[in-house]
Amino acid sequence: MKHSPMLPTLTAALLAVAAIANASEPAKAPYKGDPAKGKEIASTVCAACHNADGNSVQSANPKLAAQHAEYLFKQMQEFKAAEGKQPVRVNAVMNGMIAAYNEDQMRDLAAYFAAQTLIGEKARNRETIEAGQKLYRAGVMAKGLPACAACHGPAGAGIPAQYPRIGGQFAEYIEAQLKAFRDGTRSNDPNKMMRMIAIKMTDAEIKAVSDYIAGLR
């Protein structure tokens, strides 16, 4: 049986047209999460520790309201163990709580909490407010301690997908996280950025700047 000499050429042409068509199709945007679906999970599962709207009333549990969705999603991903390995961020409660949820559900939760209004805390220690402000705004040049504001902004609002919102967070929670970065029990900071900063801070400096951050708006 003879084949038409035009067949290979025609086939190649059709493949080329298909490749061009596929290349011209816009890339599918990543799923951003559905706040309505996130609310269903938050109100039944997360509410016990973080409150249904993300405004926790217990300083051991961070406020999630108005936190950047990208940051929340990253933390949930890192609390979740993958392929039998230890999670990047170890926390007995959160490792267990997040285990049942897939990436879309985590994005739903992140989108929901990011859309909530933060009820911020207040600075309580007047004796350290000046020292905390100086640390936050200027750091300590003599020991290479950078200003917190350089990454988290003058009001602690952070930068989406890069640095979290910290203004209005519980002072006790911020203090605990800085100490965890300092002693290495928390190590999910890109390029060891927070660990390199926290290791240069004394307990007094951590407490002062944490209290100041709680009052930022």
# chains A, B, ... in the order shown; residues from 1 in each chain; ligands from 1
call {"tool": "residues_around", "arguments": {"residues": "A:Ala111", "least_positions_apart": "6", "cutoff": "8 Å", "atoms": "only C-alpha atoms", "output": "PDB file with C-alpha atoms, in the first residue's frame"}}
result
ATOM      1  CA  LYS A  32      -6.793  31.804  45.143  1.00  0.00           C
ATOM      2  CA  GLY A  33      -9.207  30.209  47.576  1.00  0.00           C
ATOM      3  CA  ASP A  34     -12.896  30.699  48.313  1.00  0.00           C
ATOM      4  CA  PRO A  35     -13.572  32.652  51.541  1.00  0.00           C
ATOM      5  CA  GLY A  38     -12.973  28.719  54.225  1.00  0.00           C
ATOM      6  CA  ALA A  69      -3.306  34.906  52.503  1.00  0.00           C
TER       7      ALA A  69
END
call {"tool": "select_by_dssp", "arguments": {"residues": "stretch 2-205 of chain A", "states": "alpha helix (DSSP H)", "output": "PyMOL selection string"}}
result
chain A and resi 7-24+35-41+47-50+69-79+92-98+103-114+129-138+149-152+171-183+193-198+203-205
call {"tool": "residues_around", "arguments": {"residues": "stretch 45-51 of chain A", "least_positions_apart": "6", "cutoff": "8 Å", "atoms": "only C-alpha atoms", "output": "mmCIF file with C-alpha atoms, in the first residue's frame"}}
result
data_model
loop_
_atom_site.group_PDB
_atom_site.id
_atom_site.type_symbol
_atom_site.label_atom_id
_atom_site.label_comp_id
_atom_site.auth_asym_id
_atom_site.auth_seq_id
_atom_site.Cartn_x
_atom_site.Cartn_y
_atom_site.Cartn_z
ATOM 1 C CA VAL A 57 -8.452 35.821 72.586
ATOM 2 C CA GLN A 58 -5.676 33.517 73.836
ATOM 3 C CA ASN A 61 -2.802 31.225 69.643
ATOM 4 C CA PRO A 62 -2.022 33.958 67.089
ATOM 5 C CA LYS A 63 -4.532 36.303 65.579
ATOM 6 C CA LEU A 64 -5.116 35.286 61.957
#
call {"tool": "residues_around", "arguments": {"residues": "A:Asn91", "least_positions_apart": "6", "cutoff": "10 Å", "atoms": "only C-alpha atoms", "output": "list of chain:residue names"}}
result
A:Phe79, A:Lys80, A:Met97, A:Thr185, A:Arg186
call {"tool": "write_last_selection", "arguments": {"atoms": "C-alpha atoms", "output": "CSV table (one decimal), in the first residue's frame"}}
result
chain,number,residue,atom,x,y,z
A,79,PHE,CA,2.6,22.5,59.3
A,80,LYS,CA,1.5,19.6,57.1
A,97,MET,CA,-5.2,19.8,62.8
A,185,THR,CA,13.0,25.4,67.5
A,186,ARG,CA,11.3,27.4,64.7
call {"tool": "atom_distance", "arguments": {"atom1": "atom CA of A:Pro164", "atom2": "atom CA of A:Thr44"}}
result
25.1 Å
call {"tool": "atom_distance", "arguments": {"atom1": "atom CA of A:Tyr101", "atom2": "atom CA of A:Lys37"}}
result
12.4 Å
call {"tool": "select_by_dssp", "arguments": {"residues": "stretch 132-180 of chain A", "states": "strand (DSSP E or B)", "output": "list in words"}}
result
Val140, Leu145, Ile159 and Tyr163 of chain A
call {"tool": "write_last_selection", "arguments": {"atoms": "N, CA and C atoms", "output": "tab-separated table (two decimals), in the first residue's frame"}}
result
chain	number	residue	atom	x	y	z
A	140	VAL	N	19.64	48.10	65.97
A	140	VAL	CA	20.84	48.46	66.74
A	140	VAL	C	22.03	48.29	65.82
A	145	LEU	N	21.90	44.67	64.11
A	145	LEU	CA	20.50	44.29	64.26
A	145	LEU	C	19.65	45.23	63.41
A	159	ILE	N	4.49	42.75	54.04
A	159	ILE	CA	4.40	42.80	52.58
A	159	ILE	C	3.85	41.46	52.11
A	163	TYR	N	6.55	39.14	53.78
A	163	TYR	CA	6.67	39.31	55.22
A	163	TYR	C	5.28	39.44	55.85
call {"tool": "atom_distance", "arguments": {"atom1": "atom CA of A:Val88", "atom2": "atom CA of A:Tyr173"}}
result
19.3 Å
call {"tool": "closest_residue", "arguments": {"among": "A:Ser210, A:Gln67, A:Ser56, A:Thr202", "to": "A:Cys148", "atoms": "only C-alpha atoms"}}
result
A:Ser210
call {"tool": "residues_around", "arguments": {"residues": "A:Met106", "least_positions_apart": "4", "cutoff": "7 Å", "atoms": "only C-alpha atoms", "output": "PyMOL selection string"}}
result
chain A and resi 73+76+101-102+110
call {"tool": "closest_residue", "arguments": {"among": "A:Ala114, A:Ala150, A:Ala180, A:Ala100", "to": "A:Ala82", "atoms": "only C-alpha atoms"}}
result
A:Ala100
